[in-house]
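S.K.: First, the structure itself, so that you have it in front of you.
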Amino acid sequence: MSAERRGAGSAARWAAALPRHPWPQRQRQVCAPRVCNRSRPPASPLGPGEQGGRPHLGAATHGHSVRRAPSGAARAGAGAAASRRCRMAAAPPSSLSYRTTGSTCLHPLSELLGIPLDQVNFVACQLFALLAAFWFRIYLSPGKTSPDVRHAFATIFGIYFVIFCFGWYSVHLFVLVLMCYGIMVTASVSNIHRYSFFVAMGYLTICHISRIYIFHYGILTTDFSGPLMIVTQKIIALAFQVHDGLGRRAEDLSVEQHRLAVRVKPSFLEYLSYLLNFMSVIAGPCNNFKDYVDFIEGRHIHMKLLEVNWKQKGFHSLPEPSPMGAVIHKLCMTLVSLLLFLTLTTTFPVTCLVDDWFVYKANFLTRLCYLYVVMQASKPKYYFAWTLADAVNNAAGFGFSGVDKNGNFSWDLLSNLNIWKIEMRNNYRHYFLSSKALKLVYDVVTWAVTQLAVSYTVAPFVMLAVEPTVSLYKSMYFYLHITSLLIILFLPIKPQAHIQKQPQTLNSVNEKKKD
């Protein structure tokens, strides 16, 4: 079979496996499976009216066998024009903004901004959630309304946001939540955590496999796996906390387990509110059930303040800490992340990682450096989403963690990330502190190695498709995988880092108090 027929057959299978979209013929020419390819895609045997299958990044590696060798002049200018072509390919045509299963009512805004519709829907939901969170804290405060009303409001808005962003994909979240609540009600306390873990993780795994291998949904499609992973974390955490509260003895629990243990199974409304509330269902963060219920019932802040002796500090009553400072600070970080995303991501698109020039002609150092740059350019998108989600929770009054060592109110009880503390490298640092020069060299080298390793590792999470990820790793000769393995096997490990700290139980705490 010729290369052309193989390429056409691959394109036919790719187009037939995915739902059709009523795109104009002219736009189908632009939205070919090859994202950054310099040649035309192979002809499809489906006919002119059936070539509009959903393009995806996973198909970007198909069809390269049918490329004709470029002329000498084309080869001479290939390297210089590669980044320019990839930047042009990074801006999807207007038809791609319809590539969402969620609401299309904001399509005009998506067209105006040149941003895919699923991203516009996400930002719109989070901004509306921010306004709803302020209203929730002021007008539905625990002193003005009952916990059931607060639970119901948070649940209804959360379900609406999920449907607005993901459309029929939201069924996956609802099915998982209902199945696991059935386990919560019917399973024995001794096995509730096991059943919940296997069902939740199994369902999430099936969704990932079907999304990647069966439907080939790549970077240009709505990704519903984020909310599904958040719900999975909460389901498993709650199941273990119920097991700790009802299936284990108090003396066998650590202090933290005892604090978070749930001693009464949640009602159906509480369960839905915890998993699907509008503050965290779209982008997190994950939180504990007991903290959430304390927040809904109005005990969240006062319980944290009671840990501090206010009378010694001159206070005669508990203060009412405001989250406005934390919200404004996080919104400023969100704005900075958004500006970086809008500038860096269009300049260094991730689609160039599967371009023919990058995969087959660029030298290893060039590929490594560009991989680093692309991954750094991709980070602000996640920083924007996660920091905005933190701000939404704080705006609703959730997330108060007490008073820090300087006497300031802290709102970091739940958080998606700490941008300044993402990288850890202290296992070997003590070997390089003998001189300032050696320490400086160590800091620079380890920072660079850490950044490159992170870039190499997170590439699949940014590309969201199997074929381009394998193509990228092949082009890197799996170099960093081998290097990381050698580092783990042969470099000395700091002994103190491997001394397991014994968990502190209630008995040990009581014994210390008696002493």
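Letters for chains follow the order of the structure tokens (A, B, ...), residue numbers begin at 1 for each chain, and ligand numbers begin at 1 in the order shown.
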Show me a table, sorted first by chain and then by increasing residue number, of the residues of stretch 141-233 of chain A having an atom at most 7 Å from stretch 291-301 of chain A, each with its shortest atom pair and the distance in Å to one decimal, counting only C-alpha atoms and written as a Markdown table.

M.R.:
| residue | atom | partner | partner_atom | distance |
| --- | --- | --- | --- | --- |
| A:Pro142 | CA | A:Gly298 | CA | 5.1 |
| A:Pro147 | CA | A:Glu297 | CA | 5.4 |
| A:Arg150 | CA | A:Ile296 | CA | 6.5 |

S.K.: Please list as number ranges by chain every residue within 10 Å of stretch 195-209 of chain A, counting only C-alpha atoms and excluding residues in the same chain fewer than 5 positions away.

M.R.: A: 172-173, 175-177, 179-184, 187-188, 190, 214-217, 224-225, 228-229, 231-240

S.K.: Nearest residue to A:Leu464 out of A:Leu331, A:Leu339, A:Ile212, A:Leu440, using only C-alpha atoms?

M.R.: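 Looking only at the distances to A:Leu464, the closest residue turns out to be A:Ile212.
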
S.K.: Within stretch 253-452 of chain A, find each residue whose DSSP state, derived from the backbone, is strand (DSSP E), and express the selection as an NGL selection string.

M.R.: :A and (402-403 or 409-410)

S.K.: Can you write out the residues you just picked, keeping all heavy atoms, as a PDB file, in the first residue's frame?

M.R.:
ATOM      1  N   GLY A 402      -6.748  31.417  60.147  1.00  0.00           N
ATOM      2  CA  GLY A 402      -6.297  31.870  61.453  1.00  0.00           C
ATOM      3  C   GLY A 402      -5.421  33.099  61.361  1.00  0.00           C
ATOM      4  O   GLY A 402      -5.552  33.922  60.447  1.00  0.00           O
ATOM      5  N   VAL A 403      -4.511  33.186  62.295  1.00  0.00           N
ATOM      6  CA  VAL A 403      -3.629  34.346  62.406  1.00  0.00           C
ATOM      7  C   VAL A 403      -2.187  33.874  62.249  1.00  0.00           C
ATOM      8  O   VAL A 403      -1.777  32.890  62.875  1.00  0.00           O
ATOM      9  CB  VAL A 403      -3.815  35.047  63.770  1.00  0.00           C
ATOM     10  CG1 VAL A 403      -2.934  36.287  63.869  1.00  0.00           C
ATOM     11  CG2 VAL A 403      -5.277  35.419  63.973  1.00  0.00           C
ATOM     12  N   PHE A 409      -4.343  38.316  59.576  1.00  0.00           N
ATOM     13  CA  PHE A 409      -5.310  37.289  59.228  1.00  0.00           C
ATOM     14  C   PHE A 409      -4.858  36.576  57.953  1.00  0.00           C
ATOM     15  O   PHE A 409      -4.446  37.204  56.976  1.00  0.00           O
ATOM     16  CB  PHE A 409      -6.696  37.887  59.011  1.00  0.00           C
ATOM     17  CG  PHE A 409      -7.294  38.486  60.260  1.00  0.00           C
ATOM     18  CD1 PHE A 409      -7.774  39.788  60.260  1.00  0.00           C
ATOM     19  CD2 PHE A 409      -7.361  37.750  61.426  1.00  0.00           C
ATOM     20  CE1 PHE A 409      -8.325  40.333  61.407  1.00  0.00           C
ATOM     21  CE2 PHE A 409      -7.905  38.285  62.583  1.00  0.00           C
ATOM     22  CZ  PHE A 409      -8.384  39.588  62.569  1.00  0.00           C
ATOM     23  N   SER A 410      -4.961  35.252  57.964  1.00  0.00           N
ATOM     24  CA  SER A 410      -4.542  34.434  56.820  1.00  0.00           C
ATOM     25  C   SER A 410      -5.761  33.789  56.170  1.00  0.00           C
ATOM     26  O   SER A 410      -6.670  33.333  56.860  1.00  0.00           O
ATOM     27  CB  SER A 410      -3.550  33.343  57.269  1.00  0.00           C
ATOM     28  OG  SER A 410      -2.388  33.916  57.822  1.00  0.00           O
TER      29      SER A 410
END

S.K.: Restricting the calculation to only C-alpha atoms: of A:Val189, A:Leu342, A:Ile163, A:Cys352, which residue gets closest to A:Arg367?

M.R.: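 Closest to A:Arg367 of all the choices is A:Cys352.
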
S.K.: Which residues are close to stretch 128-136 of chain A, i.e. within 9 Å by only C-alpha atoms, leaving aside same-chain residues fewer than 6 positions away? Reply as a PDB file with C-alpha atoms, in the first residue's frame.

M.R.:
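Below is the file that was written, out-v8.pdb:
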ATOM      1  CA  ARG A 150     -26.823  27.962  51.639  1.00  0.00           C
ATOM      2  CA  PHE A 153     -27.812  27.855  46.521  1.00  0.00           C
ATOM      3  CA  ALA A 154     -24.209  26.668  46.227  1.00  0.00           C
ATOM      4  CA  PHE A 157     -25.279  27.453  40.873  1.00  0.00           C
ATOM      5  CA  GLY A 158     -22.503  24.865  40.697  1.00  0.00           C
ATOM      6  CA  PHE A 161     -21.892  26.409  35.792  1.00  0.00           C
ATOM      7  CA  PHE A 278     -20.120  26.824  42.527  1.00  0.00           C
ATOM      8  CA  MET A 279     -17.000  27.979  44.345  1.00  0.00           C
ATOM      9  CA  LEU A 388      -9.041  33.010  40.323  1.00  0.00           C
ATOM     10  CA  ALA A 389     -10.655  29.923  41.871  1.00  0.00           C
ATOM     11  CA  ALA A 391     -10.232  34.259  45.015  1.00  0.00           C
ATOM     12  CA  VAL A 392     -13.789  32.995  44.461  1.00  0.00           C
ATOM     13  CA  ASN A 393     -13.651  30.853  47.607  1.00  0.00           C
ATOM     14  CA  ASN A 394     -12.206  33.689  49.683  1.00  0.00           C
ATOM     15  CA  ALA A 395     -14.827  36.117  48.356  1.00  0.00           C
ATOM     16  CA  ALA A 396     -17.512  33.760  49.674  1.00  0.00           C
ATOM     17  CA  GLY A 397     -15.842  33.831  53.094  1.00  0.00           C
TER      18      GLY A 397
END

S.K.: Would you give me, as a ChimeraX atom specification, the residues in stretch 164-377 of chain A that DSSP reads as alpha helix (DSSP H)?

M.R.: /A:164-166,170-186,192-209,225-247,255-260,268-276,289-297,300-305,324-347,356,364-377

S.K.: Stretch 102-106 of chain A: which residues within 7 Å, counting only C-alpha atoms, same-chain residues fewer than 3 positions away excluded, as a list in words?

M.R.: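 Once the nearby chain positions are removed, what remains is Leu109, Ser110, Ile163, Phe164, Cys165, Phe166 and Gly167 of chain A.
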
S.K.: Using Å and a single decimal, report how far atom CA of A:Val264 sits from atom CA of A:His193.

M.R.: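 Between atom CA of A:His193 and atom CA of A:Val264 the gap works out to 14.7 Å.
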
S.K.: Looking at A:Asn363, A:Gln451, A:Thr334, A:Thr343, which one is nearest to A:Tyr382, with distances taken over only C-alpha atoms?

M.R.: A:Thr334
